[in-house]
Structures are given as structure tokens and as C-alpha cells.
Amino acid sequence: MAVLTIRLARVIPVDKTVVRQLAKSLNDDLLREFKLASRQTKNLAKSLRDIRSVWLQDETEVTDVRGLEKAVKIVFRVLPGRDSTLMTSAAVGTTSHGPVLVVDLSGGWTLEEALDAMSFRHGVDARLYDLLLHEITHLIDVLRKPEYASQHGDVSDEKAYYNDPAEVRAYMQTVVDEISYHKDRLAKLLKVFGPQKGMQMILNLSKTWVQISPIWTPSNKKKVIKSVYQFMGSTGALDG
Ligand SMILES: [Zn+2]
């Protein structure tokens, strides 16, 4: 594969260490607010939405790896209804005060259930990290080029949503991130199984790839595969 075409599919540079720290600290702050609310024991059986419609309001600096910096307001908004996960979705938008990143909580959960879920720290952290990585990728994308904003905020038309160029770039970020946890195995997979089957096995290490690739157009699939090649090149996995 030519180096030039690989360059076109580079993932948007986001400092993932910062995103991970942000997920942890937001998680701690939200947990602190939940605990504060639970001091009134009658709150424990109430739904999150009955207690408050907006939880934590915070402001943070978001930085990509080249030092592009932006203050972002972060809000936990409580949606009506009940979802299987406490943190259901997220979105970025702009207000007159600048960008805002909204994380949606499932309002049907009681405070007690939310506290329980958050005591399994790892699961909630990981979910928040995934949501933040996706939205911060959008944010940095738009800061670099405002015309790159996603055109499909709603997911009712699945094919249009997942094939929106901004969404392809955001999900590409997650695919590469998920594969990066296996970076010590990638060279071996290619060597043992060959470029075709080996690459398929590498892609299947990403649950996001498994879920979304059937919906992507062939050309978007190709872009994501190129970004994975590009990542592997940067880790030396293609050298052997
Ligand atoms: Zn998105």
C-alpha cells in the first residue's frame, strides 16, 4: 500500500491520556454529587430526573496532541426514560460562550442504582471514556475545520449517520483506539495469517469495527482500514 494514500486516512490527533484523565475526574466529581444528594436518604429511591435535570457543570481544557487548546463546558444532562446504561449518549454543540459537551444520563435510574453502578468504577469510567473520545474527536475536527461538523445529529437514518464523514472520523478514532490495546500482537497476526486474513483478525479486535463496518460504504471501510494501517506503521508493526 502506498504511503501517500495512507496519509490521507490519519486519525485525528487527540491526546488520549488527557481524555482518560478527564473521564476519571468527571466520574469522581459526578459520584461526589450523587453522594451529596444521597445524604437526604429519601433521595435514594427517587429517579435522577426527579432530583435534578442537570447534574455536574464543569469546565475543562481540551487539547489535541499538537497543542490546540479550547475551554469546553461539560454538563451532565438527565434524559427522560430508562436506558440499559447509566451514561447513554453524548453530544457536542456550541453556545455563545463557546463549545459545550453534554453527557446524557438515563433519567429513569434511581439515585441508589446510579451509586451502585458507579461503585463498579471500571465499567463507568470506560463508558465515559468512549463517549468523551468520540465527542472530543468531533470537537477537535470542528476546531480545525468548522465545515467538518457532523450533519447527522440524529441516528434515525442509521446508514446516513454512520457514513457521515465526521462520524466516520470519530468512529475511526475508536476503532484505532480499541486495536491499540493489542498493539503487541498485531505484527504477529499479520505474519502468521498473512495480510488478508491477518488484517481481518486485527480489525475484529475492535468491537466498534464489528458493529459498524457492515453499515459503512466500501469507501468508508477502506478509509478506516487505511487509518489502522497508518497506526500500525507508527507502532512499527509493519516493519517485520
Ligand atoms: Zn458522533
# chains A, B, ... in the order shown; residues from 1 in each chain; ligands from 1
call {"tool": "residues_near_ligand", "arguments": {"ligand": "ligand 1", "cutoff": "7 Å", "atoms": "only C-alpha atoms and all ligand atoms", "output": "list in words"}}
result
His134, Glu135, His138, Ser150, Glu167 and Ala170 of chain A
call {"tool": "select_by_dssp", "arguments": {"residues": "range 72-229 of chain A", "states": "strand (DSSP E)", "output": "ChimeraX atom specification"}}
result
/A:72-79,87-95,98-106
call {"tool": "write_last_selection", "arguments": {"atoms": "C-alpha atoms", "output": "PDB file, in the first residue's frame"}}
result
ATOM      1  CA  VAL A  72     -15.080  23.339  26.964  1.00  0.00           C
ATOM      2  CA  LYS A  73     -18.063  23.377  29.235  1.00  0.00           C
ATOM      3  CA  ILE A  74     -19.177  19.933  30.331  1.00  0.00           C
ATOM      4  CA  VAL A  75     -22.691  19.177  31.503  1.00  0.00           C
ATOM      5  CA  PHE A  76     -24.431  16.004  32.609  1.00  0.00           C
ATOM      6  CA  ARG A  77     -27.998  16.234  31.383  1.00  0.00           C
ATOM      7  CA  VAL A  78     -30.704  13.835  32.546  1.00  0.00           C
ATOM      8  CA  LEU A  79     -32.872  12.379  29.807  1.00  0.00           C
ATOM      9  CA  MET A  87     -24.470   7.155  30.642  1.00  0.00           C
ATOM     10  CA  THR A  88     -26.435   6.773  27.456  1.00  0.00           C
ATOM     11  CA  SER A  89     -25.039   9.185  24.884  1.00  0.00           C
ATOM     12  CA  ALA A  90     -23.168  12.426  24.397  1.00  0.00           C
ATOM     13  CA  ALA A  91     -23.001  15.344  22.019  1.00  0.00           C
ATOM     14  CA  VAL A  92     -21.008  18.495  21.358  1.00  0.00           C
ATOM     15  CA  GLY A  93     -22.510  21.805  20.429  1.00  0.00           C
ATOM     16  CA  THR A  94     -21.690  25.476  20.533  1.00  0.00           C
ATOM     17  CA  THR A  95     -23.245  28.233  22.584  1.00  0.00           C
ATOM     18  CA  GLY A  98     -18.144  28.523  23.388  1.00  0.00           C
ATOM     19  CA  PRO A  99     -18.314  24.773  22.938  1.00  0.00           C
ATOM     20  CA  VAL A 100     -20.302  22.594  25.283  1.00  0.00           C
ATOM     21  CA  LEU A 101     -20.049  18.833  25.688  1.00  0.00           C
ATOM     22  CA  VAL A 102     -23.198  17.197  27.012  1.00  0.00           C
ATOM     23  CA  VAL A 103     -23.214  13.715  28.514  1.00  0.00           C
ATOM     24  CA  ASP A 104     -26.675  12.217  28.871  1.00  0.00           C
ATOM     25  CA  LEU A 105     -27.694  10.251  31.931  1.00  0.00           C
ATOM     26  CA  SER A 106     -30.571   7.808  31.911  1.00  0.00           C
TER      27      SER A 106
END
call {"tool": "closest_atom_pairs", "arguments": {"of": "range 140-207 of chain A", "to": "range 215-227 of chain A", "cutoff": "10 Å", "atoms": "only C-alpha atoms", "output": "JSON lines"}}
result
{"residue": "A:Glu158", "atom": "CA", "partner": "A:Ile215", "partner_atom": "CA", "distance": 7.8}
{"residue": "A:Lys159", "atom": "CA", "partner": "A:Ile215", "partner_atom": "CA", "distance": 6.0}
{"residue": "A:Ala160", "atom": "CA", "partner": "A:Ile215", "partner_atom": "CA", "distance": 9.3}
{"residue": "A:Tyr161", "atom": "CA", "partner": "A:Ile215", "partner_atom": "CA", "distance": 9.7}
{"residue": "A:Tyr162", "atom": "CA", "partner": "A:Trp216", "partner_atom": "CA", "distance": 6.6}
{"residue": "A:Asn163", "atom": "CA", "partner": "A:Trp216", "partner_atom": "CA", "distance": 5.9}
{"residue": "A:Asp164", "atom": "CA", "partner": "A:Asn220", "partner_atom": "CA", "distance": 9.4}
{"residue": "A:Pro165", "atom": "CA", "partner": "A:Asn220", "partner_atom": "CA", "distance": 8.4}
{"residue": "A:Val168", "atom": "CA", "partner": "A:Asn220", "partner_atom": "CA", "distance": 7.0}
{"residue": "A:Arg169", "atom": "CA", "partner": "A:Val224", "partner_atom": "CA", "distance": 8.2}
{"residue": "A:Tyr171", "atom": "CA", "partner": "A:Val224", "partner_atom": "CA", "distance": 8.6}
{"residue": "A:Met172", "atom": "CA", "partner": "A:Val224", "partner_atom": "CA", "distance": 5.6}
{"residue": "A:Gln173", "atom": "CA", "partner": "A:Ser227", "partner_atom": "CA", "distance": 8.6}
{"residue": "A:Val175", "atom": "CA", "partner": "A:Val224", "partner_atom": "CA", "distance": 7.9}
{"residue": "A:Val176", "atom": "CA", "partner": "A:Ser227", "partner_atom": "CA", "distance": 7.3}
{"residue": "A:Met199", "atom": "CA", "partner": "A:Ile225", "partner_atom": "CA", "distance": 8.6}
{"residue": "A:Gln200", "atom": "CA", "partner": "A:Ile225", "partner_atom": "CA", "distance": 9.6}
{"residue": "A:Leu203", "atom": "CA", "partner": "A:Ile225", "partner_atom": "CA", "distance": 7.9}
call {"tool": "write_last_selection", "arguments": {"atoms": "C-alpha atoms", "output": "compact mmCIF listing (two decimals), in the first residue's frame"}}
result
# COMPACT_ATOMS: atom_id res chain seq x y z
CA GLU A 158 -28.52 4.64 10.51
CA LYS A 159 -26.81 4.43 7.14
CA ALA A 160 -26.66 8.22 6.69
CA TYR A 161 -25.49 8.75 10.28
CA TYR A 162 -22.65 6.23 10.26
CA ASN A 163 -21.48 7.28 6.78
CA ASP A 164 -21.41 10.98 7.61
CA PRO A 165 -17.74 11.95 7.09
CA VAL A 168 -16.52 8.13 10.10
CA ARG A 169 -13.61 10.16 11.51
CA TYR A 171 -15.61 6.11 14.87
CA MET A 172 -12.27 5.58 13.09
CA GLN A 173 -10.69 7.07 16.22
CA VAL A 175 -11.55 1.57 16.06
CA VAL A 176 -7.86 2.51 16.18
CA MET A 199 -5.86 -7.80 8.82
CA GLN A 200 -9.40 -9.11 9.19
CA LEU A 203 -9.99 -5.36 12.63
call {"tool": "residues_around", "arguments": {"residues": "Leu111 in chain A", "least_positions_apart": "4", "cutoff": "9 Å", "atoms": "only C-alpha atoms", "output": "list in words"}}
result
Phe34, Lys35, Ala37, Ser38, Asn43, Leu44, Ala45, Lys46, Ser47, Leu48, Ile51, Leu115 and Asp116 of chain A
call {"tool": "select_by_dssp", "arguments": {"residues": "range 20-239 of chain A", "states": "alpha helix (DSSP H)", "output": "PyMOL selection string"}}
result
chain A and resi 20-38+48-51+111-119+121-144+158-163+165-180+186-203+207-212+218-235
call {"tool": "atom_distance", "arguments": {"atom1": "CA of Glu69 in chain A", "atom2": "CA of Leu133 in chain A"}}
result
15.4 Å
call {"tool": "residues_around", "arguments": {"residues": "Leu22 in chain A", "least_positions_apart": "2", "cutoff": "10 Å", "atoms": "only C-alpha atoms", "output": "list in words"}}
result
Lys16, Thr17, Val18, Val19, Arg20, Lys24, Ser25, Leu26, Asn27, Asp28, Thr60, Glu61, Val62, Asp125, Leu128, Tyr129 and Leu132 of chain A
call {"tool": "write_last_selection", "arguments": {"atoms": "C-alpha atoms", "output": "short mmCIF file (atom, residue, chain, number, x, y, z; two decimals), in the first residue's frame"}}
result
data_model
loop_
_atom_site.label_atom_id
_atom_site.label_comp_id
_atom_site.auth_asym_id
_atom_site.auth_seq_id
_atom_site.Cartn_x
_atom_site.Cartn_y
_atom_site.Cartn_z
CA LYS A 16 -5.92 10.07 24.83
CA THR A 17 -4.11 10.29 28.16
CA VAL A 18 -5.87 13.60 28.74
CA VAL A 19 -9.23 12.10 27.72
CA ARG A 20 -8.70 9.21 30.13
CA LYS A 24 -11.75 9.69 35.67
CA SER A 25 -12.05 13.15 37.18
CA LEU A 26 -15.56 13.76 35.80
CA ASN A 27 -16.54 10.38 37.13
CA ASP A 28 -15.24 11.32 40.58
CA THR A 60 -12.13 21.89 31.19
CA GLU A 61 -9.39 22.46 28.66
CA VAL A 62 -9.36 20.05 25.75
CA ASP A 125 -15.07 5.04 33.54
CA LEU A 128 -17.44 7.75 29.83
CA TYR A 129 -14.03 7.47 28.16
CA LEU A 132 -15.63 11.57 25.55
#
call {"tool": "atom_distance", "arguments": {"atom1": "CA of Val11 in chain A", "atom2": "CA of Val124 in chain A"}}
result
25.2 Å
call {"tool": "residues_around", "arguments": {"residues": "Met201 in chain A", "least_positions_apart": "4", "cutoff": "8 Å", "atoms": "only C-alpha atoms", "output": "list in words"}}
result
Leu189, Lys197 and Leu205 of chain A
call {"tool": "closest_residue", "arguments": {"among": "A:Thr85, A:Gln21, A:Thr110, A:Ser96", "to": "Arg52 in chain A", "atoms": "only C-alpha atoms"}}
result
A:Thr110
